[in-house]
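What follows is a short report on a single structure.
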Amino acid sequence: MPRIRLHVNPLKSDLLEIADVPRVAPAAGQALDVELGAAEAHFLIDLGRADPATLFVGVEIRRELVVFTNGELGRAGLTNVRLVFANMSVDMPRLFAPGSVRRFFLNFPDPWFKARQHKRRVIGPELMEEIHHALTPGGELFVQTDIFDLALEAMGALETMAPTRFVNAHAPWSFLLANPYPAKSRRERQCEGDGSRIWRLLYRSTQGP
Ligand SMILES: C[S@@+](CC[C@H](N)C(=O)[O-])C[C@H]1O[C@@H](n2cnc3c(N)ncnc32)[C@H](O)[C@@H]1O
């Protein structure tokens with residue numbers, strides 16, 4: 001594996017203006033599920049193996065990791081899983097047609113702990129609006145994190161959009177007890193290994209875009 005940076009600042013000017021962001025388009029009749037901040041695509045690889053008919057796309061801001069992971073996916077013959085290089089904080093409208101995504105997964109977004117770096121966090125009302133816009137009616141948004149502050153930030157943004165745009169699949173202002181999908185992200189495995197608490201949320205889109 002080449003040397004790949006652990007973190008990049010999503011507000012760096014060249015990452016706010018990525019020129020070659022693709023339009024993600026599944027084949028006719030094919031469902032599209034998307035992980036935002038997919039890293040090495042471990043979560044999507046699990047899903048892709050379990051469901052070969054669906055297209056699984058990961059959005060990732062570290063270009064070298066996208067190139068490397070897509071090479072590995074090609075070598076593994078997993079044709080329904082791929083990463084795209086893009087910045088979820090600004091590129092959602094370019095990536096996805098309105099109403100085209102069945103599920104979004106936001107697994108362990110970067111915490112950016114220092115107060116002066118909080119503006120780099122991806123979770124917030126703007127991203128939730130973009131996600132809602134791209135979801136099919138009844139589509140799902142799954143969020144998981146081991147950082148309680150981030151889980152509350154996501155829940156606050158989503159509950160503010162209930163019931164007209166999102167509804168909590170469990171109960172209002174509630175966390176899920178377990179991951180309902182046949183997949184685990186790399187960070188999720190690490191957290192489970194060291195016994196860290198994971199906060200999980202599942203919301204459904206209640207309207208078309
Ligand atoms: C903490 S890692 C979690 C990776 C994976 N989802 C997991 O659960 O193991 C966060 C990932 O999001 C990516 N990322 C951070 N900001 C992003 C942005 N604005 N757009 C796309 N990807 C981003 C990072 O490069 C990193 O791979």
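Lettering and numbering for the structure tokens are positional, with chains as A, B, ... in the shown order, residues counted from 1 in each chain, and ligands counted from 1 in the shown order.
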Secondary structure check, strand (DSSP E or B) residues of region 93-192 of chain A, as number ranges by chain: A: 101-107, 135-145, 166-168, 176
Give me a file of those residues, with C-alpha atoms, as a tab-separated table (two decimals), in the first residue's frame.
chain	number	residue	atom	x	y	z
A	101	VAL	CA	-29.73	7.07	-3.70
A	102	ARG	CA	-31.44	4.31	-1.71
A	103	ARG	CA	-29.15	4.48	1.35
A	104	PHE	CA	-26.46	6.72	2.75
A	105	PHE	CA	-24.00	5.46	5.37
A	106	LEU	CA	-21.94	7.90	7.41
A	107	ASN	CA	-19.59	5.69	9.40
A	135	LEU	CA	-32.36	10.08	-1.30
A	136	THR	CA	-35.23	8.19	-2.87
A	137	PRO	CA	-38.55	8.64	-1.00
A	138	GLY	CA	-38.32	6.25	1.97
A	139	GLY	CA	-34.52	6.07	1.53
A	140	GLU	CA	-32.29	5.57	4.58
A	141	LEU	CA	-29.53	7.47	6.32
A	142	PHE	CA	-27.44	5.46	8.79
A	143	VAL	CA	-24.92	7.27	11.01
A	144	GLN	CA	-22.55	5.69	13.49
A	145	THR	CA	-19.78	7.15	15.62
A	166	PHE	CA	-36.77	12.66	7.95
A	167	VAL	CA	-38.26	10.32	10.51
A	168	ASN	CA	-36.27	8.42	13.12
A	176	LEU	CA	-30.35	2.22	17.45
Residue neighbourhood region 63-80 of chain A, 12 Å, only C-alpha atoms, exclusion window fewer than 4 positions, as a PyMOL selection string: chain A and resi 1-8+14-15+18+20-21+26-27+30-34+37-42+44-59+84-87
Let's have the selection written as a JSON list (two decimals), in the first residue's frame, with C-alpha atoms.
[["chain", "number", "residue", "atom", "x", "y", "z"],
["A", 1, "MET", "CA", 0.00, 0.00, 0.00],
["A", 2, "PRO", "CA", 1.43, 3.45, -0.87],
["A", 3, "ARG", "CA", 1.95, 6.07, 1.86],
["A", 4, "ILE", "CA", -1.42, 7.70, 2.38],
["A", 5, "ARG", "CA", -2.10, 10.68, 4.62],
["A", 6, "LEU", "CA", -4.21, 9.89, 7.68],
["A", 7, "HIS", "CA", -6.23, 13.12, 7.55],
["A", 8, "VAL", "CA", -6.79, 15.91, 5.08],
["A", 14, "ASP", "CA", -7.94, 22.58, -3.80],
["A", 15, "LEU", "CA", -10.40, 20.20, -2.07],
["A", 18, "ILE", "CA", -12.12, 19.31, -7.28],
["A", 20, "ASP", "CA", -13.15, 15.91, -12.00],
["A", 21, "VAL", "CA", -16.03, 14.94, -9.69],
["A", 26, "PRO", "CA", -26.35, 3.20, -11.49],
["A", 27, "ALA", "CA", -27.56, 1.07, -14.40],
["A", 30, "GLN", "CA", -30.09, -0.92, -10.20],
["A", 31, "ALA", "CA", -30.22, 0.37, -6.59],
["A", 32, "LEU", "CA", -27.46, 2.75, -5.40],
["A", 33, "ASP", "CA", -26.10, 2.77, -1.82],
["A", 34, "VAL", "CA", -23.41, 5.25, -0.77],
["A", 37, "GLY", "CA", -16.06, 9.00, 3.93],
["A", 38, "ALA", "CA", -15.51, 5.37, 2.97],
["A", 39, "ALA", "CA", -11.70, 5.09, 3.49],
["A", 40, "GLU", "CA", -10.64, 1.57, 2.33],
["A", 41, "ALA", "CA", -14.29, 0.61, 1.63],
["A", 42, "HIS", "CA", -14.40, -2.25, 4.16],
["A", 44, "LEU", "CA", -19.00, -1.46, 1.22],
["A", 45, "ILE", "CA", -17.00, -4.59, 0.41],
["A", 46, "ASP", "CA", -19.07, -6.55, 2.97],
["A", 47, "LEU", "CA", -22.27, -5.16, 1.45],
["A", 48, "GLY", "CA", -21.12, -5.70, -2.13],
["A", 49, "ARG", "CA", -20.40, -9.37, -1.47],
["A", 50, "ALA", "CA", -23.79, -9.87, 0.21],
["A", 51, "ASP", "CA", -25.75, -8.07, -2.53],
["A", 52, "PRO", "CA", -24.16, -8.28, -6.01],
["A", 53, "ALA", "CA", -27.17, -6.61, -7.71],
["A", 54, "THR", "CA", -26.72, -3.23, -5.97],
["A", 55, "LEU", "CA", -24.12, -0.58, -6.85],
["A", 56, "PHE", "CA", -22.10, 0.48, -3.76],
["A", 57, "VAL", "CA", -20.17, 3.73, -4.05],
["A", 58, "GLY", "CA", -17.87, 5.30, -1.48],
["A", 59, "VAL", "CA", -17.11, 9.02, -1.46],
["A", 84, "VAL", "CA", -15.00, 8.24, -6.07],
["A", 85, "PHE", "CA", -12.68, 11.12, -5.18],
["A", 86, "ALA", "CA", -14.84, 14.02, -3.98],
["A", 87, "ASN", "CA", -15.52, 16.26, -0.99]]
Close residues, Val122 (chain A) itself excluded, 8 Å, only C-alpha atoms, min 5 positions apart in chain, as a ChimeraX atom specification: /A:88-89,109-110,127
Based on the selection just made, write C-alpha atoms of those residues as an mmCIF file, in the first residue's frame.
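To be explicit, this is the file written out as part.cif:
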data_model
loop_
_atom_site.group_PDB
_atom_site.id
_atom_site.type_symbol
_atom_site.label_atom_id
_atom_site.label_comp_id
_atom_site.auth_asym_id
_atom_site.auth_seq_id
_atom_site.Cartn_x
_atom_site.Cartn_y
_atom_site.Cartn_z
ATOM 1 C CA MET A 88 -18.913 15.437 0.558
ATOM 2 C CA SER A 89 -19.072 18.918 2.099
ATOM 3 C CA PRO A 109 -16.800 10.776 10.433
ATOM 4 C CA ASP A 110 -13.542 12.484 11.416
ATOM 5 C CA LEU A 127 -25.031 17.917 4.599
#
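The closest residue to ligand 1, picked from A:Arg82, A:His133, A:Arg121, A:Arg204 and counting only C-alpha atoms and all ligand atoms, is A:Arg121.
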Residues of chain A in helix (DSSP H, G or I), written as number ranges by chain: A: 13-16, 42-50, 63-76, 92-95, 115-120, 125-134, 148-160, 186-194
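Closest approach to ligand 1 from the set A:Glu192, A:Asp91, A:Glu130, A:Asp149 is made by A:Asp91, with distances taken over only C-alpha atoms and all ligand atoms.
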From A:Val90, A:Ala178, A:Ala28, A:Ala134, residue lying nearest ligand 1 [only C-alpha atoms and all ligand atoms]: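 Checking each of A:Val90, A:Ala178, A:Ala28, A:Ala134 against ligand 1, counting only C-alpha atoms and all ligand atoms, the winner is A:Val90.
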CA of Arg197 (chain A) to atom 25 (O, counted along the ligand's line) of ligand 1, straight-line distance in Å: 22.0 Å
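Proximity ranking of A:Gly29, A:Pro111, A:Pro180, A:Gly99 relative to ligand 1 places A:Pro111 first, based on only C-alpha atoms and all ligand atoms.
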Atom pair CA of Leu83 (chain A) / CA of Ser100 (chain A): separation (Å):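 It comes out at 17.1 Å.
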